[in-house]
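Accompanying notes for the structure given below.
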Amino acid sequence: MLGLALLWTFAGCTTVKEKFDKLVDHLPEKITFWSKPAPPEPDYYLHNVRYPGETLTIIAEWYSGDKENWRALAAANPILNPDHIDIGAKIRVPKKLLHNRERMPKDFVETVEKRREAEKARLAKASAPTRAKPARPKPAYYYHRVRYSGETLSMIAKWYTGDAENWHALTRVNPELDPNRIIIGAQIRIPGKLLNTREPMPQDFIDLPRPVKEPTPSPSALSQVETSQEGAEPAAPSPPLVAETGELELFGPR
């Protein structure tokens, strides 16, 4: 009996040893299975488009610090249309470009959009042709107020336009005026295109001596002159004067 027990014990020990040896033989495989490395992290940070107005340049500026990296985002998202990004789209941002992992806020999108619009307006203004401001139109008329006795339309025309014959033009632009009866205090319009001076006419200009203009004789008068005394000429009309009542009698331009 003792022998059988020893034999059974020995046989049992052999079985246990074989099982242990097999366990040890398979242990490296189990260790290898347990120690497998974790799967590598993705090479991209995923951005979810949430706000209207988001563009690749805005996304690139927020996450990488440089808006010019939008080209790298376009290359990393080949199926994306860079000109039309829908809300909800997933944008892959290469991790080698990442300088910021915080989610892009809405106010950043709005700030960049305002800055872009201001820059666009500045460039448009700079490229627009410079237009000279139109000159303010001069008044059509200068108004002269009759102040002195002896003023005539020819005197007024001479002073303001440089040519006494412009009294005809003054008559046309003052149709309500009786050129033979100018009242002190009357206002006379002078066309701006004729003006040589805007200085008011002084009284001493009226007192200057002026040559008397000879009238053109008619054919009948010429025949009479031939028979008249040699050198005789018809008398020139008297210059118009302002009456004591303040009215001016005109008999022709002076």
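Numbering starts fresh at 1 for the residues of each chain in the structure tokens, the chains themselves are lettered A, B, ... in the order given, and ligands are numbered from 1 as they appear.
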* To do: Apply DSSP to the structure's backbone, then extract all residues of stretch 52-196 of chain A labelled strand (DSSP E) and return them as an MDAnalysis selection string.
  => chainID A and resid 90:94 141:145 181:183 187:191
* **Residue contacts of A:Val112 (10 Å, only C-alpha atoms) excluding same-chain residues fewer than 3 positions away, as an MDAnalysis selection string** => chainID A and resid 53:54 57:58 61:62 107:109 115:118
